[in-house]
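Here is the structure we will look at.
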Amino acid sequence: EVLTGPLGDAALVSMAGFTPKHILCLLDGLTLADCYREDLFCAALDEYIRLGSVGGRARQHMLSRVLFSLMLEQPKLLEAAPPAWQALLARVEHSPMDVPVRPYHRELATCAAALSLSGARPRRRKGPYVVDLHVPVENSKSVALAFHLMSEAEFCPLTGELLGPTRMRRRHLAQMKWQHVGLRRKEWLALPDTEGRVTALEALLAGRISLRRRPVASLPKDAVTTLEPKRTSSEETVADHLQIKSE
């Protein structure tokens, strides 16, 4: 109520004095909190466009996050978007298209093979998000499990709770029918060996999907290479997802 009430009123009154960075930080904070106030968002975006500042990579990434959130969660707010917004909305397509390959991605593929998850793939995309391991759910073409090794930067150092960007990732993936399954990366890497990590992954996925465990040492040589990431026609970019959703 504070965000949509007094704080929103104060922001509207002060909008003319905001810099582009201030405006975007305001919108990003409201979006992370799943708090949308139509008159505030419209006024803020109009002022942001009027100021005409593109900003650096960090601000453009923040802008893409805000716009994707609006498209996914509040599409009605954009139905009557003025022509001046169109170039801004096109920037949502410029989200990073990939994440660096980490050593744990290949080990995740090994763990998936040890659990007989033949359809699992590391580093798969849904909208603007890339998950560490994508696990399709049996008898479902749309629902999937999205395993994510969370860095310490995703947690509040004081309370240990998840911070806004990861909470929003979880929220967005759920709306796109991918269930977020998370584990601290530090805990994953602290496990003694691959068998220990197979056990940890098995514990997280048990009850969500059928599993059949095999010893890592018994896996055939080609079991892991078949799980290496590759881009397919079904792998969605931001624009692909939004086009599918609109249809």
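A note on labels: chains of the structure tokens are A, B, ... as shown, every chain counts residues from 1, and ligands are counted from 1 in their shown order.
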Using only C-alpha atoms, determine which residues lie at most 10 Å from segment 142-153 of chain A, disregarding the query and same-chain residues fewer than 6 positions distant; provide the list as a VMD selection string.
chain A and resid 104 to 105 108 120 122 to 126 130 to 136 160 162 to 163 166 170 173 to 174 176 to 189 201 204 to 205 208 to 209
Near-segment 74-79 of chain A list (9 Å; only C-alpha atoms; drop same-chain fewer than 4 positions) as a list in words
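Within the cut-off, the hits are Tyr36, Glu38, Phe41, Cys42, Ser69 and Leu70 of chain A.
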Counting only C-alpha atoms, the option among A:Ala43, A:Leu72, A:Arg59, A:Ile49 closest to Met168 of chain A:
A:Leu72
Please provide the set of residues having any atom within 9 Å of segment 4-13 of chain A, restricted to only C-alpha atoms, with same-chain residues fewer than 5 positions apart removed, written as a list in words.
Phe18, Leu26, Leu30, Cys35, Tyr36, Arg37, Asp39, Leu40, Ala43 and Ala44 of chain A
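Separating atom CA of Pro128 of chain A from atom CA of Asp28 of chain A is a distance of 15.6 Å.
Of the residues under consideration (A:Leu158, A:Gln175, A:Leu117, A:Arg167), A:Leu117 shows the shortest atom-to-atom contact distance to Leu211 of chain A when counting only C-alpha atoms.
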So that I can check the secondary structure, give me every residue of segment 11-240 of chain A assigned alpha helix (DSSP H) by backbone DSSP, as a short mmCIF file (atom, residue, chain, number, x, y, z; two decimals) with N, CA and C atoms, in the first residue's frame.
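Result file part37.cif:
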```
data_model
loop_
_atom_site.label_atom_id
_atom_site.label_comp_id
_atom_site.auth_asym_id
_atom_site.auth_seq_id
_atom_site.Cartn_x
_atom_site.Cartn_y
_atom_site.Cartn_z
N ALA A 11 6.30 10.27 -5.93
CA ALA A 11 7.09 10.10 -7.14
C ALA A 11 6.48 10.85 -8.31
N LEU A 12 5.16 10.82 -8.43
CA LEU A 12 4.49 11.54 -9.51
C LEU A 12 4.72 13.05 -9.39
N VAL A 13 4.63 13.57 -8.18
CA VAL A 13 4.82 15.00 -7.96
C VAL A 13 6.26 15.42 -8.29
N SER A 14 7.22 14.53 -8.01
CA SER A 14 8.64 14.86 -8.17
C SER A 14 9.22 14.43 -9.50
N PRO A 20 17.15 10.21 -15.69
CA PRO A 20 16.77 8.92 -16.27
C PRO A 20 17.11 7.74 -15.35
N LYS A 21 18.27 7.82 -14.70
CA LYS A 21 18.66 6.74 -13.79
C LYS A 21 17.70 6.64 -12.62
N HIS A 22 17.29 7.78 -12.06
CA HIS A 22 16.33 7.78 -10.95
C HIS A 22 15.01 7.13 -11.39
N ILE A 23 14.54 7.51 -12.57
CA ILE A 23 13.27 6.99 -13.06
C ILE A 23 13.32 5.47 -13.21
N LEU A 24 14.40 4.99 -13.81
CA LEU A 24 14.51 3.56 -14.05
C LEU A 24 14.68 2.78 -12.74
N CYS A 25 15.42 3.34 -11.80
CA CYS A 25 15.56 2.68 -10.50
C CYS A 25 14.21 2.59 -9.79
N LEU A 26 13.41 3.64 -9.90
CA LEU A 26 12.06 3.62 -9.32
C LEU A 26 11.21 2.52 -9.94
N LEU A 27 11.18 2.48 -11.28
CA LEU A 27 10.36 1.47 -11.97
C LEU A 27 10.87 0.06 -11.68
N ASP A 28 12.19 -0.10 -11.63
CA ASP A 28 12.76 -1.42 -11.36
C ASP A 28 12.39 -1.88 -9.96
N GLY A 29 12.46 -1.00 -8.99
CA GLY A 29 12.09 -1.36 -7.62
C GLY A 29 10.63 -1.77 -7.52
N LEU A 30 9.75 -1.03 -8.17
CA LEU A 30 8.32 -1.37 -8.14
C LEU A 30 8.07 -2.70 -8.85
N THR A 31 8.78 -2.92 -9.95
CA THR A 31 8.61 -4.17 -10.70
C THR A 31 9.09 -5.37 -9.88
N LEU A 32 10.24 -5.22 -9.23
CA LEU A 32 10.76 -6.30 -8.40
C LEU A 32 9.79 -6.65 -7.27
N GLU A 38 -0.62 2.10 -12.74
CA GLU A 38 -0.66 2.47 -14.15
C GLU A 38 -0.26 3.92 -14.39
N ASP A 39 -0.83 4.87 -13.64
CA ASP A 39 -0.52 6.27 -13.91
C ASP A 39 0.95 6.59 -13.65
N LEU A 40 1.54 5.92 -12.64
CA LEU A 40 2.94 6.15 -12.32
C LEU A 40 3.85 5.58 -13.40
N PHE A 41 3.56 4.37 -13.87
CA PHE A 41 4.40 3.76 -14.90
C PHE A 41 4.31 4.54 -16.20
N CYS A 42 3.11 4.97 -16.57
CA CYS A 42 2.96 5.73 -17.81
C CYS A 42 3.69 7.06 -17.75
N ALA A 43 3.55 7.76 -16.63
CA ALA A 43 4.23 9.06 -16.48
C ALA A 43 5.74 8.89 -16.47
N ALA A 44 6.21 7.84 -15.80
CA ALA A 44 7.65 7.61 -15.71
C ALA A 44 8.24 7.25 -17.07
N LEU A 45 7.57 6.38 -17.82
CA LEU A 45 8.09 6.00 -19.14
C LEU A 45 8.05 7.18 -20.11
N ASP A 46 6.99 7.98 -20.04
CA ASP A 46 6.92 9.17 -20.89
C ASP A 46 8.08 10.12 -20.60
N GLU A 47 8.37 10.32 -19.32
CA GLU A 47 9.46 11.22 -18.94
C GLU A 47 10.81 10.63 -19.33
N TYR A 48 10.96 9.32 -19.19
CA TYR A 48 12.21 8.66 -19.56
C TYR A 48 12.48 8.83 -21.06
N ILE A 49 11.45 8.66 -21.86
CA ILE A 49 11.60 8.83 -23.31
C ILE A 49 11.90 10.29 -23.65
N ARG A 50 11.24 11.21 -22.96
CA ARG A 50 11.45 12.63 -23.23
C ARG A 50 12.89 13.04 -22.95
N LEU A 51 13.48 12.49 -21.91
CA LEU A 51 14.85 12.84 -21.54
C LEU A 51 15.87 12.29 -22.54
N ARG A 57 25.29 -0.26 -20.22
CA ARG A 57 24.78 -1.63 -20.32
C ARG A 57 23.93 -2.01 -19.11
N ALA A 58 24.36 -1.59 -17.92
CA ALA A 58 23.62 -1.95 -16.71
C ALA A 58 22.21 -1.35 -16.74
N ARG A 59 22.11 -0.08 -17.18
CA ARG A 59 20.79 0.55 -17.23
C ARG A 59 19.93 -0.06 -18.33
N GLN A 60 20.53 -0.41 -19.45
CA GLN A 60 19.76 -1.04 -20.52
C GLN A 60 19.23 -2.41 -20.09
N HIS A 61 20.06 -3.14 -19.32
CA HIS A 61 19.60 -4.43 -18.80
C HIS A 61 18.44 -4.22 -17.84
N MET A 62 18.51 -3.20 -17.00
CA MET A 62 17.43 -2.88 -16.07
C MET A 62 16.16 -2.52 -16.83
N LEU A 63 16.32 -1.74 -17.89
CA LEU A 63 15.17 -1.35 -18.71
C LEU A 63 14.50 -2.56 -19.33
N SER A 64 15.32 -3.49 -19.86
CA SER A 64 14.77 -4.71 -20.45
C SER A 64 13.99 -5.51 -19.41
N ARG A 65 14.50 -5.55 -18.19
CA ARG A 65 13.82 -6.28 -17.12
C ARG A 65 12.46 -5.66 -16.80
N VAL A 66 12.41 -4.34 -16.74
CA VAL A 66 11.16 -3.65 -16.45
C VAL A 66 10.15 -3.87 -17.58
N LEU A 67 10.60 -3.71 -18.82
CA LEU A 67 9.69 -3.85 -19.96
C LEU A 67 9.19 -5.27 -20.13
N PHE A 68 10.08 -6.26 -19.93
CA PHE A 68 9.62 -7.65 -20.03
C PHE A 68 8.59 -7.94 -18.95
N SER A 69 8.80 -7.42 -17.75
CA SER A 69 7.84 -7.62 -16.66
C SER A 69 6.49 -7.03 -17.02
N LEU A 70 6.48 -5.85 -17.62
CA LEU A 70 5.22 -5.24 -18.03
C LEU A 70 4.52 -6.09 -19.09
N MET A 71 5.29 -6.55 -20.07
CA MET A 71 4.70 -7.36 -21.15
C MET A 71 4.13 -8.67 -20.63
N LEU A 72 4.81 -9.27 -19.67
CA LEU A 72 4.38 -10.56 -19.16
C LEU A 72 3.27 -10.44 -18.14
N GLU A 73 3.41 -9.48 -17.21
CA GLU A 73 2.50 -9.41 -16.07
C GLU A 73 1.39 -8.35 -16.19
N PRO A 75 0.13 -6.81 -19.46
CA PRO A 75 0.03 -6.49 -20.90
C PRO A 75 -1.03 -5.43 -21.21
N LYS A 76 -2.07 -5.34 -20.38
CA LYS A 76 -3.12 -4.34 -20.64
C LYS A 76 -2.58 -2.92 -20.53
N LEU A 77 -1.56 -2.75 -19.70
CA LEU A 77 -0.98 -1.43 -19.53
C LEU A 77 -0.32 -0.95 -20.81
N LEU A 78 0.09 -1.90 -21.66
CA LEU A 78 0.79 -1.55 -22.89
C LEU A 78 -0.11 -1.56 -24.12
N GLU A 79 -1.38 -1.94 -23.94
CA GLU A 79 -2.28 -2.06 -25.10
C GLU A 79 -2.45 -0.73 -25.83
N GLN A 86 7.25 2.59 -28.86
CA GLN A 86 7.57 1.40 -29.65
C GLN A 86 9.07 1.12 -29.70
N ALA A 87 9.88 2.15 -29.93
CA ALA A 87 11.33 1.95 -29.97
C ALA A 87 11.84 1.47 -28.62
N LEU A 88 11.25 1.97 -27.55
CA LEU A 88 11.64 1.57 -26.22
C LEU A 88 11.30 0.10 -25.98
N LEU A 89 10.11 -0.30 -26.39
CA LEU A 89 9.67 -1.68 -26.19
C LEU A 89 10.53 -2.65 -26.99
N ALA A 90 11.06 -2.20 -28.12
CA ALA A 90 11.90 -3.08 -28.95
C ALA A 90 13.19 -3.44 -28.23
N PRO A 103 32.29 -24.80 -15.35
CA PRO A 103 32.59 -26.22 -15.16
C PRO A 103 31.42 -27.00 -14.57
N TYR A 104 30.63 -26.35 -13.72
CA TYR A 104 29.52 -27.08 -13.10
C TYR A 104 28.39 -27.37 -14.08
N HIS A 105 28.36 -26.71 -15.24
CA HIS A 105 27.32 -27.03 -16.23
C HIS A 105 27.52 -28.44 -16.78
N ARG A 106 28.75 -28.78 -17.10
CA ARG A 106 29.00 -30.13 -17.61
C ARG A 106 28.74 -31.16 -16.51
N GLU A 107 29.10 -30.82 -15.27
CA GLU A 107 28.84 -31.77 -14.19
C GLU A 107 27.34 -31.93 -13.95
N LEU A 108 26.58 -30.85 -14.13
CA LEU A 108 25.12 -30.97 -14.03
C LEU A 108 24.58 -31.94 -15.08
N ALA A 109 25.16 -31.87 -16.28
CA ALA A 109 24.75 -32.81 -17.33
C ALA A 109 25.07 -34.25 -16.91
N THR A 110 26.21 -34.45 -16.27
CA THR A 110 26.57 -35.78 -15.78
C THR A 110 25.59 -36.24 -14.71
N CYS A 111 25.22 -35.32 -13.80
CA CYS A 111 24.27 -35.68 -12.74
C CYS A 111 22.90 -36.04 -13.33
N ALA A 112 22.49 -35.29 -14.35
CA ALA A 112 21.21 -35.58 -14.99
C ALA A 112 21.24 -36.95 -15.65
N ALA A 113 22.36 -37.27 -16.29
CA ALA A 113 22.50 -38.59 -16.91
C ALA A 113 22.46 -39.69 -15.86
N ALA A 114 23.08 -39.45 -14.71
CA ALA A 114 23.09 -40.45 -13.63
C ALA A 114 21.71 -40.68 -13.06
N GLY A 164 15.40 -9.37 -4.62
CA GLY A 164 14.36 -9.12 -5.61
C GLY A 164 14.54 -9.74 -6.98
N PRO A 165 15.72 -9.62 -7.62
CA PRO A 165 15.86 -10.19 -8.96
C PRO A 165 15.60 -11.70 -9.03
N THR A 166 16.05 -12.43 -8.02
CA THR A 166 15.83 -13.88 -8.04
C THR A 166 14.37 -14.20 -7.72
N ARG A 167 13.76 -13.43 -6.83
CA ARG A 167 12.33 -13.62 -6.57
C ARG A 167 11.52 -13.37 -7.85
N MET A 168 11.91 -12.34 -8.59
CA MET A 168 11.20 -12.05 -9.83
C MET A 168 11.46 -13.13 -10.87
N ARG A 169 12.68 -13.64 -10.95
CA ARG A 169 12.98 -14.75 -11.86
C ARG A 169 12.06 -15.93 -11.56
N ARG A 170 11.93 -16.27 -10.29
CA ARG A 170 11.06 -17.37 -9.88
C ARG A 170 9.62 -17.10 -10.28
N ARG A 171 9.18 -15.86 -10.06
CA ARG A 171 7.80 -15.47 -10.40
C ARG A 171 7.55 -15.54 -11.89
N HIS A 172 8.48 -15.01 -12.68
CA HIS A 172 8.32 -15.00 -14.13
C HIS A 172 8.35 -16.42 -14.69
N LEU A 173 9.30 -17.23 -14.24
CA LEU A 173 9.38 -18.60 -14.74
C LEU A 173 8.10 -19.37 -14.44
N ALA A 174 7.53 -19.15 -13.26
CA ALA A 174 6.28 -19.83 -12.91
C ALA A 174 5.17 -19.43 -13.87
N GLN A 175 5.12 -18.14 -14.24
CA GLN A 175 4.09 -17.69 -15.18
C GLN A 175 4.31 -18.26 -16.57
N ARG A 185 24.83 -22.18 -4.86
CA ARG A 185 25.99 -22.67 -5.60
C ARG A 185 27.12 -23.05 -4.65
N LYS A 186 27.27 -22.29 -3.57
CA LYS A 186 28.33 -22.56 -2.60
C LYS A 186 28.15 -23.94 -1.98
N GLU A 187 26.90 -24.30 -1.68
CA GLU A 187 26.63 -25.62 -1.10
C GLU A 187 26.90 -26.73 -2.12
N TRP A 188 26.53 -26.47 -3.37
CA TRP A 188 26.74 -27.44 -4.45
C TRP A 188 28.23 -27.73 -4.64
N LEU A 189 29.03 -26.67 -4.72
CA LEU A 189 30.46 -26.82 -4.96
C LEU A 189 31.18 -27.39 -3.74
N ALA A 190 30.59 -27.26 -2.55
CA ALA A 190 31.23 -27.79 -1.34
C ALA A 190 31.05 -29.30 -1.19
N THR A 194 31.14 -35.87 -7.51
CA THR A 194 29.98 -35.89 -8.40
C THR A 194 28.86 -36.75 -7.85
N GLU A 195 29.20 -37.88 -7.24
CA GLU A 195 28.16 -38.72 -6.66
C GLU A 195 27.38 -37.96 -5.58
N GLY A 196 28.09 -37.15 -4.80
CA GLY A 196 27.42 -36.34 -3.79
C GLY A 196 26.49 -35.32 -4.40
N ARG A 197 26.88 -34.79 -5.55
CA ARG A 197 26.03 -33.81 -6.23
C ARG A 197 24.83 -34.49 -6.89
N VAL A 198 25.02 -35.72 -7.35
CA VAL A 198 23.88 -36.48 -7.86
C VAL A 198 22.86 -36.69 -6.74
N THR A 199 23.34 -37.01 -5.56
CA THR A 199 22.45 -37.20 -4.41
C THR A 199 21.69 -35.92 -4.08
N ALA A 200 22.39 -34.77 -4.13
CA ALA A 200 21.74 -33.49 -3.84
C ALA A 200 20.67 -33.16 -4.88
N LEU A 201 20.98 -33.38 -6.16
CA LEU A 201 20.01 -33.12 -7.21
C LEU A 201 18.83 -34.08 -7.10
N GLU A 202 19.10 -35.32 -6.77
CA GLU A 202 18.04 -36.31 -6.60
C GLU A 202 17.09 -35.90 -5.48
N ALA A 203 17.64 -35.38 -4.37
CA ALA A 203 16.80 -34.95 -3.25
C ALA A 203 15.90 -33.78 -3.64
N LEU A 204 16.41 -32.89 -4.47
CA LEU A 204 15.62 -31.74 -4.88
C LEU A 204 14.51 -32.10 -5.87
N LEU A 205 14.79 -33.07 -6.74
CA LEU A 205 13.83 -33.41 -7.79
C LEU A 205 12.89 -34.54 -7.41
N ASP A 222 29.04 -41.73 -24.17
CA ASP A 222 28.25 -40.72 -24.89
C ASP A 222 27.07 -40.20 -24.07
N ALA A 223 26.92 -40.63 -22.82
CA ALA A 223 25.76 -40.23 -22.02
C ALA A 223 25.77 -38.74 -21.73
N VAL A 224 26.95 -38.17 -21.51
CA VAL A 224 27.03 -36.76 -21.16
C VAL A 224 27.05 -35.87 -22.39
N THR A 225 27.73 -36.30 -23.43
CA THR A 225 27.82 -35.47 -24.62
C THR A 225 26.44 -35.23 -25.22
N VAL A 238 13.47 -13.77 -25.87
CA VAL A 238 12.45 -12.89 -25.30
C VAL A 238 11.36 -12.61 -26.32
N ALA A 239 11.77 -12.22 -27.53
CA ALA A 239 10.79 -11.89 -28.56
C ALA A 239 9.94 -13.09 -28.92
N ASP A 240 10.55 -14.28 -29.01
CA ASP A 240 9.80 -15.50 -29.33
C ASP A 240 8.71 -15.72 -28.30
#
```
Min atom-atom distance to Leu3 of chain A from the set A:Ala33, A:Phe155, A:Leu115, A:Asp193, counting only C-alpha atoms, belongs to A:Ala33
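Coordinates place atom CA of Cys156 of chain A at a distance of 27.1 Å from atom CA of Gly55 of chain A.
Secondary structure from DSSP on the backbone puts strand (DSSP E) at the following positions of segment 12-211 of chain A: Arg121, Pro122, Arg123, Arg124, Arg125, Lys126, Tyr129, Val130, Val131, Asp132, Leu133, His134, Val135, Pro136, Ala144, Leu145, Ala146, Phe147, His148, Leu149, Met150, Trp178, Gln179, His180, Val181, Gly182, Leu183 and Arg184 of chain A.
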